[in-house]
file query-v1.txt (compact mmCIF, C-alpha atoms)
# COMPACT_ATOMS: atom_id res chain seq x y z
CA MET A 1134 107.69 128.66 129.03
CA ALA A 1135 108.87 125.79 126.95
CA GLY A 1136 107.23 123.37 129.30
CA VAL A 1137 108.51 119.85 129.03
CA PRO A 1138 105.39 117.83 129.75
CA GLN A 1139 105.38 116.38 133.22
CA GLN A 1140 105.62 112.63 132.69
CA GLN A 1141 101.93 112.53 131.97
CA THR A 1142 101.47 109.67 129.55
CA ASP A 1143 97.84 110.67 129.23
CA SER A 1144 95.68 109.94 126.28
CA PHE A 1145 97.79 111.18 123.39
CA LYS A 1146 97.35 108.55 120.73
CA PHE A 1147 100.38 108.09 118.52
CA PRO A 1148 99.64 107.03 114.96
CA LYS A 1149 100.57 103.57 113.74
CA ILE A 1150 103.39 104.97 111.68
CA HIS A 1151 105.02 106.02 114.97
CA THR A 1152 104.10 103.03 117.13
CA ASP A 1153 104.68 100.17 114.67
CA TYR A 1154 106.73 101.36 111.74
CA PRO A 1155 110.50 101.46 112.31
CA PRO A 1156 111.42 103.23 109.03
CA PHE A 1157 109.54 106.30 110.24
CA PHE A 1158 112.61 107.08 112.35
CA THR A 1159 115.07 106.93 109.46
CA LEU A 1160 114.83 109.83 107.05
CA GLN A 1161 114.06 108.25 103.68
CA ILE A 1162 116.41 108.57 100.73
CA THR A 1163 113.76 108.64 98.01
CA ALA A 1164 112.54 112.20 97.55
CA SER A 1165 108.83 111.48 97.41
CA SER A 1166 108.92 109.11 100.37
CA ARG A 1167 110.90 111.66 102.33
CA GLN A 1168 108.45 114.41 101.51
CA ALA A 1169 105.56 112.25 102.69
CA GLN A 1170 107.52 111.33 105.79
CA LEU A 1171 108.36 114.94 106.71
CA GLU A 1172 104.71 115.81 106.28
CA ARG A 1173 103.67 112.96 108.60
CA TRP A 1174 106.21 114.13 111.18
CA SER A 1175 105.02 117.71 110.88
CA ARG A 1176 101.43 116.66 111.50
CA LEU A 1177 102.45 114.49 114.40
CA VAL A 1178 104.56 117.21 116.04
CA GLN A 1179 101.72 119.71 115.70
CA ARG A 1180 99.16 117.31 117.09
CA TYR A 1181 101.43 116.34 119.96
CA CYS A 1182 102.28 119.92 120.87
CA ARG A 1183 98.65 120.91 120.70
CA HIS A 1184 97.69 118.04 122.97
CA HIS A 1185 100.30 118.97 125.54
CA LYS A 1186 100.02 122.71 124.94
CA ILE A 1187 103.64 122.93 123.94
CA PHE A 1188 104.53 126.17 122.19
CA GLN A 1189 108.27 126.10 122.16
CA LEU A 1190 110.15 122.95 121.43
CA SER A 1191 113.78 122.68 122.33
CA ILE A 1192 115.55 119.83 120.60
CA VAL A 1193 117.79 119.03 123.55
CA ASP A 1194 114.78 118.75 125.83
CA TYR A 1195 112.76 116.58 123.53
CA GLN A 1196 115.23 114.36 121.72
CA ASP A 1197 114.84 111.63 124.33
CA LYS A 1198 111.12 112.03 124.88
CA GLU A 1199 108.40 109.77 123.56
CA LEU A 1200 107.70 112.08 120.64
CA PHE A 1201 111.00 111.34 118.96
CA LYS A 1202 111.83 108.07 120.59
CA ASN A 1203 109.97 104.80 120.43
CA SER A 1204 111.37 102.63 123.18
CA LYS A 1205 109.23 99.66 122.20
CA LEU A 1206 110.82 99.55 118.75
CA ASN A 1207 114.08 100.98 120.04
CA LYS A 1208 114.10 103.64 117.34
CA THR A 1209 114.95 107.30 117.62
CA LEU A 1210 114.64 110.28 115.37
CA PHE A 1211 118.09 111.76 115.82
CA PRO A 1212 118.59 115.48 116.54
CA ASP A 1213 119.87 116.19 113.03
CA ASP A 1214 116.74 114.66 111.60
CA ILE A 1215 114.49 116.45 114.09
CA ARG A 1216 116.10 119.61 112.77
CA LYS A 1217 115.20 118.58 109.21
CA VAL A 1218 111.61 117.93 110.27
CA ILE A 1219 111.38 121.38 111.80
CA ASP A 1220 113.13 122.91 108.77
CA HIS A 1221 110.37 121.38 106.71
CA MET A 1222 107.75 122.81 109.06
CA VAL A 1223 109.33 126.23 108.76
CA SER A 1224 109.28 126.14 104.96
CA GLN A 1225 106.45 127.20 102.65
CA ASP A 1226 105.99 123.51 101.84
CA GLY A 1227 105.40 122.82 105.49
CA GLN A 1228 102.96 125.73 105.65
CA GLN A 1229 105.18 127.63 108.09
CA ARG A 1230 104.08 125.56 111.03
CA ALA A 1231 107.27 126.32 112.92
CA GLU A 1232 109.79 129.12 113.38
CA TRP A 1233 113.34 128.83 114.68
CA LEU A 1234 114.05 131.00 117.69
CA THR A 1235 117.67 131.54 116.74
CA PRO A 1236 119.81 130.75 113.70
CA ALA A 1237 121.46 128.07 115.82
CA LYS A 1238 118.28 126.03 115.43
CA ALA A 1239 118.22 124.78 119.00
CA SER A 1240 114.56 125.43 119.62
CA ALA A 1241 111.57 126.51 117.64
CA TRP A 1242 108.06 127.82 117.98
CA ILE A 1243 105.66 125.15 116.90
CA TRP A 1244 102.70 126.86 115.31
CA TRP A 1245 99.91 124.34 115.72
CA ARG A 1246 98.06 127.63 115.67
CA ARG A 1247 99.80 130.47 113.95
CA PRO A 1248 99.73 133.90 115.65
CA GLU A 1249 97.14 135.08 113.09
CA GLU A 1250 94.98 132.09 114.01
CA TRP A 1251 95.30 132.91 117.71
CA ALA A 1252 94.35 136.47 116.88
CA LEU A 1253 91.20 135.24 115.15
CA ALA A 1254 90.29 133.00 118.07
CA ILE A 1255 90.78 135.78 120.62
CA ALA A 1256 88.87 138.32 118.53
CA ALA A 1257 85.99 135.86 118.15
CA TRP A 1258 85.92 135.27 121.88
CA VAL A 1259 85.93 139.01 122.60
CA ASP A 1260 83.08 139.42 120.14
CA ASP A 1261 81.04 136.53 121.53
CA THR A 1262 81.37 137.67 125.11
CA GLY A 1263 80.64 141.32 124.35
CA GLN A 1264 83.96 142.59 125.64
CA LYS A 1265 84.65 145.06 122.90
CA GLY A 1266 85.78 148.28 124.51
CA SER A 1267 86.82 146.60 127.72
CA VAL A 1268 90.29 146.22 129.17
CA LEU A 1269 91.75 142.87 130.20
CA THR A 1270 95.08 141.94 131.62
CA LEU A 1271 97.10 139.41 129.68
CA TYR A 1272 97.11 137.26 132.79
CA GLU A 1273 93.31 137.22 132.80
CA ILE A 1274 93.18 136.07 129.21
CA VAL A 1275 95.55 133.20 129.81
CA GLU A 1276 94.65 132.18 133.35
CA GLY A 1277 91.20 133.65 133.99
CA ASP A 1278 88.17 131.46 134.68
CA ALA A 1279 86.38 133.17 131.81
CA THR A 1280 88.67 131.62 129.22
CA GLU A 1281 88.80 128.13 130.64
CA THR A 1282 86.90 126.62 127.73
CA GLN A 1283 88.99 128.43 125.15
CA GLU A 1284 91.91 126.90 123.34
CA PHE A 1285 94.07 129.86 124.25
CA HIS A 1286 93.59 129.23 127.94
CA ALA A 1287 96.95 128.50 129.56
CA MET A 1288 98.76 129.53 126.43
CA ASP A 1289 102.27 130.83 126.24
CA MET A 1290 102.51 134.54 127.10
CA ASP A 1291 104.89 135.29 124.27
CA VAL A 1292 102.59 133.65 121.78
CA LEU A 1293 99.68 135.61 123.20
CA ARG A 1294 101.67 138.82 122.70
CA LYS A 1295 102.34 137.80 119.09
CA GLY A 1296 98.66 137.14 118.57
CA LEU A 1297 97.66 140.45 120.14
CA ALA A 1298 100.26 142.20 118.00
CA VAL A 1299 98.42 140.90 114.96
CA LEU A 1300 95.16 142.34 116.34
CA ALA A 1301 96.89 145.63 117.13
CA LYS A 1302 98.10 145.86 113.55
CA GLN A 1303 94.52 145.42 112.39
CA GLY A 1304 93.43 148.16 114.79
CA LYS A 1305 91.37 145.75 116.85
CA ALA A 1306 93.37 145.92 120.05
CA GLN A 1307 95.92 147.97 121.88
CA VAL A 1308 98.44 146.54 124.28
CA PHE A 1309 99.86 148.70 127.06
CA GLY A 1310 101.76 148.45 130.32
CA THR A 1311 105.10 146.95 131.18
CA ASP A 1312 106.27 143.38 131.02
CA ASP A 1313 104.55 141.70 133.95
CA GLN A 1314 101.66 144.14 134.18
CA GLN A 1315 100.42 144.19 130.65
CA GLY A 1316 96.86 144.85 129.65
CA VAL A 1317 94.96 145.00 126.40
CA LYS A 1318 92.03 147.00 125.24
CA PHE A 1319 89.85 145.57 122.48
CA PHE A 1320 88.05 147.71 119.92
CA MET B 17 58.95 52.60 71.80
CA SER B 18 59.04 48.90 71.27
CA SER B 19 59.76 46.88 74.31
CA ARG B 20 60.74 43.93 72.26
CA ARG B 21 64.31 43.61 71.41
CA GLY B 22 64.67 42.96 67.74
CA VAL B 23 66.66 40.05 66.51
CA GLY B 24 68.73 39.62 63.43
CA LEU B 25 69.87 42.37 61.13
CA GLY B 26 66.74 44.44 61.70
CA ALA B 27 67.87 45.02 65.26
CA PHE B 28 70.64 47.30 64.04
CA THR B 29 68.37 49.74 62.23
CA ASP B 30 65.97 49.48 65.08
CA ARG B 31 68.66 50.42 67.57
CA THR B 32 69.79 53.44 65.59
CA SER B 33 66.27 54.67 65.19
CA THR B 34 65.65 54.20 68.92
CA ALA B 35 68.80 56.14 69.69
CA SER B 36 67.86 58.95 67.38
CA ALA B 37 64.37 59.01 68.87
CA TYR B 38 65.92 59.37 72.32
CA GLN B 39 68.12 62.09 71.01
CA THR B 40 65.29 64.10 69.54
CA ARG B 41 63.24 63.68 72.66
CA GLY B 42 66.23 64.63 74.73
CA SER B 43 66.88 67.81 72.85
CA GLU B 44 63.19 68.63 72.94
CA LEU B 45 63.23 68.28 76.68
CA LYS B 46 66.39 70.31 76.91
CA GLN B 47 64.91 73.03 74.83
CA SER B 48 61.72 73.28 76.78
CA ARG B 49 63.61 73.19 80.04
CA ALA B 50 65.95 75.89 78.82
CA ALA B 51 62.98 77.95 77.73
CA SER B 52 61.31 77.59 81.09
CA LEU B 53 64.55 78.39 82.89
CA LEU B 54 64.98 81.41 80.71
CA ALA B 55 61.47 82.50 81.55
CA GLN B 56 62.17 81.93 85.23
CA ARG B 57 65.33 83.92 84.99
CA GLU B 58 63.48 86.77 83.39
CA VAL B 59 60.96 86.65 86.21
CA ILE B 60 63.71 86.69 88.81
CA GLN B 61 65.50 89.46 87.02
CA SER B 62 62.44 91.64 86.95
CA LEU B 63 61.64 90.79 90.57
CA LEU B 64 65.16 91.69 91.53
CA HIS B 65 64.86 94.84 89.59
CA ASN B 66 61.60 95.79 91.32
CA PHE B 67 63.20 94.94 94.60
CA ALA B 68 66.10 97.22 93.78
CA VAL B 69 63.78 100.05 92.91
CA GLN B 70 61.85 99.63 96.13
CA HIS B 71 64.89 99.36 98.34
CA VAL B 72 67.25 101.75 96.65
CA ASP B 73 67.77 103.71 99.85
CA THR B 74 68.73 100.69 101.87
CA ILE B 75 71.01 99.50 99.09
CA LYS B 76 72.80 102.80 99.08
CA ALA B 77 73.03 103.11 102.82
CA ASN B 78 73.95 99.63 103.92
CA PRO B 79 77.19 98.16 102.54
CA GLN B 80 76.42 94.60 103.61
CA PHE B 81 73.00 94.72 102.05
CA ARG B 82 74.53 96.21 98.93
CA ALA B 83 77.14 93.47 98.73
CA GLU B 84 74.50 90.75 99.01
CA PHE B 85 72.39 92.51 96.45
CA ALA B 86 75.32 92.83 94.06
CA ARG B 87 76.05 89.13 94.51
CA MET B 88 72.46 88.22 93.65
CA CYS B 89 72.54 90.49 90.65
CA HIS B 90 75.73 88.88 89.48
CA ALA B 91 74.34 85.35 89.91
CA VAL B 92 71.30 85.97 87.74
CA GLY B 93 73.04 88.17 85.23
CA VAL B 94 71.74 91.58 86.21
CA ASP B 95 74.19 94.43 86.08
CA PRO B 96 73.45 96.45 89.18
CA LEU B 97 75.16 99.45 87.66
CA ALA B 98 73.48 99.39 84.28
CA GLY B 99 70.12 99.39 86.03
CA SER B 100 67.49 99.19 83.40
CA ASN B 101 67.82 102.55 81.81
CA ALA B 102 68.17 100.62 78.55
CA ARG B 103 64.45 99.94 78.62
CA GLY B 104 63.65 103.57 78.27
CA LYS B 105 59.88 103.11 78.47
CA LYS B 106 57.99 106.06 79.79
CA SER B 107 56.05 103.90 82.18
CA GLU B 108 56.39 104.75 85.82
CA GLY B 109 58.48 101.67 86.48
CA GLY B 110 60.77 102.47 83.61
CA LEU B 111 61.27 105.98 84.83
CA ARG B 112 61.94 104.95 88.37
CA ALA B 113 64.30 102.34 87.07
CA LYS B 114 66.14 105.03 85.22
CA VAL B 115 66.48 107.10 88.33
CA PHE B 116 67.60 104.07 90.25
CA GLY B 117 70.23 103.10 87.70
CA ALA B 118 71.59 106.61 87.65
CA ASP B 119 71.47 106.74 91.43
CA LEU B 120 73.62 103.72 91.95
CA LYS B 121 75.97 104.84 89.21
CA ASP B 122 76.31 108.11 91.05
CA PHE B 123 77.10 106.20 94.16
CA TYR B 124 79.93 104.27 92.55
CA CYS B 125 81.18 107.44 90.93
CA SER B 126 81.48 109.14 94.28
CA VAL B 127 83.23 106.10 95.71
CA ALA B 128 85.60 106.16 92.74
CA VAL B 129 86.30 109.83 93.28
CA ARG B 130 87.22 109.19 96.88
CA VAL B 131 89.43 106.26 95.94
CA VAL B 132 91.24 108.35 93.36
CA GLU B 133 91.62 111.18 95.83
CA LEU B 134 92.98 108.88 98.51
CA CYS B 135 95.44 107.27 96.11
CA GLN B 136 96.72 110.63 94.91
CA ARG B 137 97.04 111.99 98.40
CA THR B 138 99.09 109.01 99.55
CA VAL B 139 101.04 108.16 96.42
CA ALA B 140 104.24 109.74 97.73
CA GLU B 141 103.98 107.61 100.83
CA ASN B 142 103.05 104.24 99.32
CA GLY B 143 104.17 104.44 95.70
CA GLY B 144 100.63 104.05 94.40
CA LEU B 145 99.88 100.73 95.99
CA ILE B 146 97.20 100.57 98.63
CA GLY B 147 95.35 97.62 100.16
CA VAL B 148 91.69 97.31 99.18
CA LYS B 149 90.85 96.80 102.84
CA GLU B 150 92.82 99.87 103.86
CA CYS B 151 91.23 101.85 101.09
CA CYS B 152 87.79 100.74 102.23
CA GLU B 153 88.52 101.74 105.83
CA ALA B 154 89.86 105.13 104.79
CA VAL B 155 86.89 105.90 102.54
CA THR B 156 84.49 104.81 105.28
CA ARG B 157 86.30 106.96 107.82
CA GLY B 158 86.29 109.97 105.54
CA ARG B 159 88.84 112.71 105.61
CA ALA B 160 89.46 114.60 108.80
CA GLY B 161 88.23 118.14 108.68
CA LEU B 162 86.06 117.60 105.63
CA ILE B 163 82.35 118.02 106.01
CA GLY B 164 80.36 115.13 104.63
CA GLY B 165 83.08 112.81 105.81
CA GLY B 166 82.81 109.09 105.37
CA LEU B 167 80.90 106.89 103.01
CA GLN B 168 79.66 103.47 104.12
CA VAL B 169 81.41 101.15 101.69
CA SER B 170 82.47 97.53 101.49
CA GLU B 171 85.56 96.09 99.84
CA ASP B 172 83.35 94.98 96.96
CA ASP B 173 82.26 98.57 96.46
CA ILE B 174 85.88 99.67 96.25
CA LYS B 175 86.60 97.03 93.66
CA ALA B 176 83.49 97.92 91.68
CA ALA B 177 84.46 101.58 91.83
CA VAL B 178 87.99 100.87 90.59
CA LYS B 179 86.54 98.75 87.83
CA SER B 180 84.23 101.59 86.83
CA LEU B 181 87.35 103.68 86.17
CA GLU B 182 88.58 101.22 83.53
CA PRO B 183 87.01 102.93 80.51
CA LEU B 184 88.97 106.06 81.39
CA HIS B 185 92.28 104.23 80.93
CA SER B 186 93.37 105.80 84.14
CA GLY B 187 95.71 102.97 85.00
CA PHE B 188 93.76 102.21 88.16
CA LYS B 189 93.38 98.50 88.68
CA ILE B 190 93.11 95.79 91.27
CA ILE B 191 96.17 93.58 91.63
CA ILE B 192 96.76 90.65 93.93
CA ILE B 193 99.93 90.23 95.96
CA ALA B 194 100.29 87.17 98.13
CA GLY B 195 96.53 86.65 98.11
CA LYS B 196 95.78 90.19 99.21
CA GLU B 197 94.03 92.66 96.97
CA PHE B 198 95.52 96.07 96.28
CA VAL B 199 94.49 99.12 94.34
CA ARG B 200 97.30 100.04 91.97
CA SER B 201 97.02 103.67 90.98
CA ILE B 202 100.14 103.99 88.85
CA PRO B 203 100.14 102.39 85.41
CA LYS B 204 103.63 101.05 85.93
CA GLU B 205 104.04 97.31 85.63
CA LEU B 206 106.07 95.48 88.22
CA ASN B 207 108.61 93.01 86.93
CA THR B 208 108.75 89.45 88.21
CA ASP B 209 111.52 90.10 90.70
CA GLN B 210 109.69 93.09 92.12
CA SER B 211 106.47 91.13 92.43
CA THR B 212 108.30 88.32 94.18
CA VAL B 213 109.83 90.71 96.68
CA LEU B 214 106.53 92.46 97.30
CA GLU B 215 104.97 89.09 97.96
CA ILE B 216 107.61 88.22 100.51
CA LEU B 217 107.18 91.65 102.07
CA GLN B 218 103.48 91.08 102.30
CA LEU B 219 104.11 87.86 104.19
CA LEU B 220 107.01 88.91 106.40
CA GLY B 221 106.47 92.63 106.89
CA ASN B 222 110.09 93.49 106.22
CA ILE B 223 113.09 92.18 104.34
CA THR B 224 116.84 92.56 104.10
CA ILE B 225 119.16 91.97 101.19
CA SER B 226 120.69 88.91 102.82
CA LEU B 227 117.25 87.45 103.44
CA LEU B 228 116.56 87.60 99.71
CA VAL B 229 119.99 86.20 98.90
CA LEU B 230 119.48 83.29 101.28
CA ASN B 231 115.91 82.40 100.46
CA LEU B 232 115.78 83.01 96.73
CA SER B 233 119.41 82.09 96.06
CA TRP B 234 119.75 85.36 94.21
CA PRO B 235 123.14 86.94 93.72
CA LYS B 236 123.49 89.93 95.98
CA ALA B 237 123.50 92.38 93.09
CA ARG B 238 120.13 91.13 91.91
CA ALA B 239 118.59 91.48 95.36
CA LYS B 240 120.04 94.94 95.70
CA THR B 241 118.76 96.08 92.31
CA VAL B 242 115.23 94.97 93.08
CA ILE B 243 115.21 96.70 96.44
CA ASP B 244 116.73 99.88 95.00
CA ASP B 245 114.03 99.94 92.34
CA LEU B 246 111.24 99.39 94.84
CA GLN B 247 112.69 102.04 97.07
CA ALA B 248 112.96 104.52 94.22
CA ASP B 249 109.28 103.93 93.49
CA SER B 250 108.38 104.55 97.16
CA LEU B 251 107.15 100.98 97.46
CA VAL B 252 109.48 100.27 100.39
CA TRP B 253 110.89 102.42 103.18
CA VAL B 254 114.26 101.79 104.75
CA ASP B 255 115.10 101.44 108.44
CA LYS B 256 118.80 102.06 109.01
CA GLN B 257 118.72 101.71 112.79
CA CYS B 258 119.47 98.00 112.78
CA PRO B 259 122.48 95.74 112.09
CA GLU B 260 121.45 95.24 108.50
CA TRP B 261 119.17 97.76 106.81
CA GLU B 262 115.61 96.57 106.78
CA TYR B 263 113.06 97.43 104.12
CA TRP B 264 109.42 97.78 105.06
CA SER B 265 106.35 98.14 102.96
CA PRO B 266 104.50 101.39 103.76
CA HIS B 267 101.10 99.81 104.17
CA GLY B 268 98.51 99.92 106.86
CA LEU B 269 99.69 103.35 108.03
CA LEU B 270 96.65 105.37 107.14
CA ASP B 271 95.30 106.02 110.62
CA GLU B 272 95.70 109.34 112.48
CA ASP B 273 94.06 112.69 112.12

call {"tool": "encode", "arguments": {"input": "query-v1.txt", "output": "structure tokens"}}
result
Amino acid sequence: MAGVPQQQTDSFKFPKIHTDYPPFFTLQITASSRQAQLERWSRLVQRYCRHHKIFQLSIVDYQDKELFKNSKLNKTLFPDDIRKVIDHMVSQDGQQRAEWLTPAKASAWIWWRRPEEWALAIAAWVDDTGQKGSVLTLYEIVEGDATETQEFHAMDMDVLRKGLAVLAKQGKAQVFGTDDQQGVKFF
Amino acid sequence: MSSRRGVGLGAFTDRTSTASAYQTRGSELKQSRAASLLAQREVIQSLLHNFAVQHVDTIKANPQFRAEFARMCHAVGVDPLAGSNARGKKSEGGLRAKVFGADLKDFYCSVAVRVVELCQRTVAENGGLIGVKECCEAVTRGRAGLIGGGLQVSEDDIKAAVKSLEPLHSGFKIIIIAGKEFVRSIPKELNTDQSTVLEILQLLGNITISLLVLNLSWPKARAKTVIDDLQADSLVWVDKQCPEWEYWSPHGLLDED
């Protein structure tokens, strides 16, 4: 769940606008600048979450982390502004790249892949590996050796369920079982 | 010409006639030299042209080579873009020349398209002002996720491409701020105060109102107006997390994805 990355400062490369540009951390007043800025933040958040396989981002957990804080410049994107960034990501303008978990806006799903996109990826993998008609447990899909090269390996269970729900709606899969013992059959 | 110096009154007429003789001879020489230079230039031009036809692939592929070639063309008065499609002869050379001219024109067109695209995509971020160098890097890098990606270009290519947009009255032009070249993609003129501030920004990276007041001895209201205008045009971004608000120019930020 909402894994805060273990202090691994591995190879995520922040863009120059984050490493060397102090105004990036102040929401701009001018509408067009602000729009461009929100878009840059949205792209950065998606890229960062994808790199660290973060699916759920809680503002309290992340407000002091490197994503929103540049200690070299001593600049911070404050929680209110983080909220505005995510609001933008949630909007049509931001291509619905995020979704608040609750109206309180404390944490959000970050859709660096939307559930439909996960569904596509899983369906393609099932197709490629000739597993149509077979039954897999959800655990196998996320943790199994067979999926190690796939982007959905080690993904969030809830997101997987959302993705499979999309496939179920299209009649391409059926999920059964109870919470911790769920399986899925692909058609 | 007489080697004897004339004496008496006759010397005067003699001197004028000598001078005019020199003059005629001089202009004769000048003329013949000019004619031979002209002939030489024509030879060089046609050689250059043949060279261009032979090496069109290299010229298109290698930006350094292209820049040198363009410089040579410029020096001897050959327009590398016009090619020689004006000759219109049906000879093989003429035909190839036509293809070549069109080829290179195509090349600059596609550079221009990418420049325009880049400027439009980033106008909200930089207010329609983008460094030629930055532009060149971005076009070379190509756009992430687009097949066909980058195009090997030099800064000269970018400038040539922008210049090729002139007949369209698109408002695209090259302007110079503090010795650095920029592509301006919005046909809005900057006033003197704005240009001054942009120049300082270019040199210092960021500015504050009091810095302008101190260094330019401007009244505060004047400094504030200029900055407000620049900010409204997206030409500066504000950083409020400091004792006095700092204004930064949004340039050199085109890396990532």

call {"tool": "closest_atom_pairs", "arguments": {"input": "query-v1.txt", "of": "chain A", "to": "chain B", "cutoff": "10 Å", "atoms": "all atoms listed in the file", "output": "CSV"}}
result
residue,atom,partner,partner_atom,distance
A:Lys1146,CA,B:Glu272,CA,8.5
A:Phe1147,CA,B:Glu272,CA,7.7
A:Pro1148,CA,B:Glu272,CA,5.2
A:Lys1149,CA,B:Leu269,CA,5.8
A:Ile1150,CA,B:Leu269,CA,5.4
A:His1151,CA,B:Leu269,CA,9.1
A:Asp1153,CA,B:Leu269,CA,8.9
A:Tyr1154,CA,B:Trp264,CA,8.0
A:Pro1155,CA,B:Asp255,CA,6.0
A:Pro1156,CA,B:Asp255,CA,4.1
A:Phe1157,CA,B:Asp255,CA,7.6
A:Phe1158,CA,B:Asp255,CA,7.3
A:Thr1159,CA,B:Asp255,CA,5.6
A:Leu1160,CA,B:Val254,CA,8.4
A:Gln1161,CA,B:Val254,CA,6.6
A:Ile1162,CA,B:Val254,CA,8.2
A:Thr1163,CA,B:Ala248,CA,5.7
A:Ala1164,CA,B:Ala248,CA,8.4
A:Ser1165,CA,B:Ala140,CA,4.9
A:Ser1166,CA,B:Glu141,CA,5.2
A:Arg1167,CA,B:Glu141,CA,8.2
A:Gln1168,CA,B:Ala140,CA,7.3
A:Ala1169,CA,B:Glu141,CA,5.2
A:Gln1170,CA,B:Glu141,CA,7.1
A:Glu1172,CA,B:Glu141,CA,9.9
A:Arg1173,CA,B:Glu141,CA,9.4
A:Arg1176,CA,B:Asp273,CA,8.4
A:Leu1177,CA,B:Glu272,CA,8.7
A:Arg1180,CA,B:Asp273,CA,8.5
A:Asn1207,CA,B:Gln257,CA,8.6
A:Lys1208,CA,B:Gln257,CA,6.8
A:Thr1209,CA,B:Gln257,CA,8.3
A:Leu1210,CA,B:Gln257,CA,9.8

call {"tool": "residues_around", "arguments": {"input": "query-v1.txt", "residues": "region 1241-1244 of chain A", "least_positions_apart": "4", "cutoff": "12 Å", "atoms": "only C-alpha atoms", "output": "number ranges by chain"}}
result
A: 1134-1135, 1175-1183, 1185-1195, 1215-1216, 1218-1223, 1227-1237, 1248-1251, 1289, 1291-1292, 1295-1296

call {"tool": "write_last_selection", "arguments": {"input": "query-v1.txt", "atoms": "C-alpha atoms", "output": "JSON list (two decimals), in the frame of the given file"}}
result
[["chain", "number", "residue", "atom", "x", "y", "z"],
["A", 1134, "MET", "CA", 107.69, 128.66, 129.03],
["A", 1135, "ALA", "CA", 108.87, 125.79, 126.95],
["A", 1175, "SER", "CA", 105.02, 117.71, 110.88],
["A", 1176, "ARG", "CA", 101.43, 116.66, 111.50],
["A", 1177, "LEU", "CA", 102.45, 114.49, 114.40],
["A", 1178, "VAL", "CA", 104.56, 117.21, 116.04],
["A", 1179, "GLN", "CA", 101.72, 119.71, 115.70],
["A", 1180, "ARG", "CA", 99.16, 117.31, 117.09],
["A", 1181, "TYR", "CA", 101.43, 116.34, 119.96],
["A", 1182, "CYS", "CA", 102.28, 119.92, 120.87],
["A", 1183, "ARG", "CA", 98.65, 120.91, 120.70],
["A", 1185, "HIS", "CA", 100.30, 118.97, 125.54],
["A", 1186, "LYS", "CA", 100.02, 122.71, 124.94],
["A", 1187, "ILE", "CA", 103.64, 122.93, 123.94],
["A", 1188, "PHE", "CA", 104.53, 126.17, 122.19],
["A", 1189, "GLN", "CA", 108.27, 126.10, 122.16],
["A", 1190, "LEU", "CA", 110.15, 122.95, 121.43],
["A", 1191, "SER", "CA", 113.78, 122.68, 122.33],
["A", 1192, "ILE", "CA", 115.55, 119.83, 120.60],
["A", 1193, "VAL", "CA", 117.79, 119.03, 123.55],
["A", 1194, "ASP", "CA", 114.78, 118.75, 125.83],
["A", 1195, "TYR", "CA", 112.76, 116.58, 123.53],
["A", 1215, "ILE", "CA", 114.49, 116.45, 114.09],
["A", 1216, "ARG", "CA", 116.10, 119.61, 112.77],
["A", 1218, "VAL", "CA", 111.61, 117.93, 110.27],
["A", 1219, "ILE", "CA", 111.38, 121.38, 111.80],
["A", 1220, "ASP", "CA", 113.13, 122.91, 108.77],
["A", 1221, "HIS", "CA", 110.37, 121.38, 106.71],
["A", 1222, "MET", "CA", 107.75, 122.81, 109.06],
["A", 1223, "VAL", "CA", 109.33, 126.23, 108.76],
["A", 1227, "GLY", "CA", 105.40, 122.82, 105.49],
["A", 1228, "GLN", "CA", 102.96, 125.73, 105.65],
["A", 1229, "GLN", "CA", 105.18, 127.63, 108.09],
["A", 1230, "ARG", "CA", 104.08, 125.56, 111.03],
["A", 1231, "ALA", "CA", 107.27, 126.32, 112.92],
["A", 1232, "GLU", "CA", 109.79, 129.12, 113.38],
["A", 1233, "TRP", "CA", 113.34, 128.83, 114.68],
["A", 1234, "LEU", "CA", 114.05, 131.00, 117.69],
["A", 1235, "THR", "CA", 117.67, 131.54, 116.74],
["A", 1236, "PRO", "CA", 119.81, 130.75, 113.70],
["A", 1237, "ALA", "CA", 121.46, 128.07, 115.82],
["A", 1248, "PRO", "CA", 99.73, 133.90, 115.65],
["A", 1249, "GLU", "CA", 97.14, 135.08, 113.09],
["A", 1250, "GLU", "CA", 94.98, 132.09, 114.01],
["A", 1251, "TRP", "CA", 95.30, 132.91, 117.71],
["A", 1289, "ASP", "CA", 102.27, 130.83, 126.24],
["A", 1291, "ASP", "CA", 104.89, 135.29, 124.27],
["A", 1292, "VAL", "CA", 102.59, 133.65, 121.78],
["A", 1295, "LYS", "CA", 102.34, 137.80, 119.09],
["A", 1296, "GLY", "CA", 98.66, 137.14, 118.57]]

call {"tool": "closest_residue", "arguments": {"input": "query-v1.txt", "among": "B:Leu63, B:Val229, B:Val199, B:Ile191", "to": "Glu215 (chain B)", "atoms": "all atoms listed in the file"}}
result
B:Ile191

call {"tool": "atom_distance", "arguments": {"input": "query-v1.txt", "atom1": "CA of Ser180 (chain B)", "atom2": "CA of Val72 (chain B)"}}
result
19.6 Å

call {"tool": "atom_distance", "arguments": {"input": "query-v1.txt", "atom1": "CA of Arg200 (chain B)", "atom2": "CA of Ile75 (chain B)"}}
result
27.2 Å

call {"tool": "atom_distance", "arguments": {"input": "query-v1.txt", "atom1": "CA of Leu1271 (chain A)", "atom2": "CA of Gln1315 (chain A)"}}
result
5.9 Å

call {"tool": "closest_residue", "arguments": {"input": "query-v1.txt", "among": "A:Thr1262, A:Gln1225, A:Gln1196, A:Ser1267", "to": "Thr1280 (chain A)", "atoms": "only C-alpha atoms"}}
result
A:Thr1262

call {"tool": "residues_around", "arguments": {"input": "query-v1.txt", "residues": "region 128-130 of chain B", "least_positions_apart": "2", "cutoff": "7 Å", "atoms": "only C-alpha atoms", "output": "number ranges by chain"}}
result
B: 124-126, 132-134, 155, 177-178
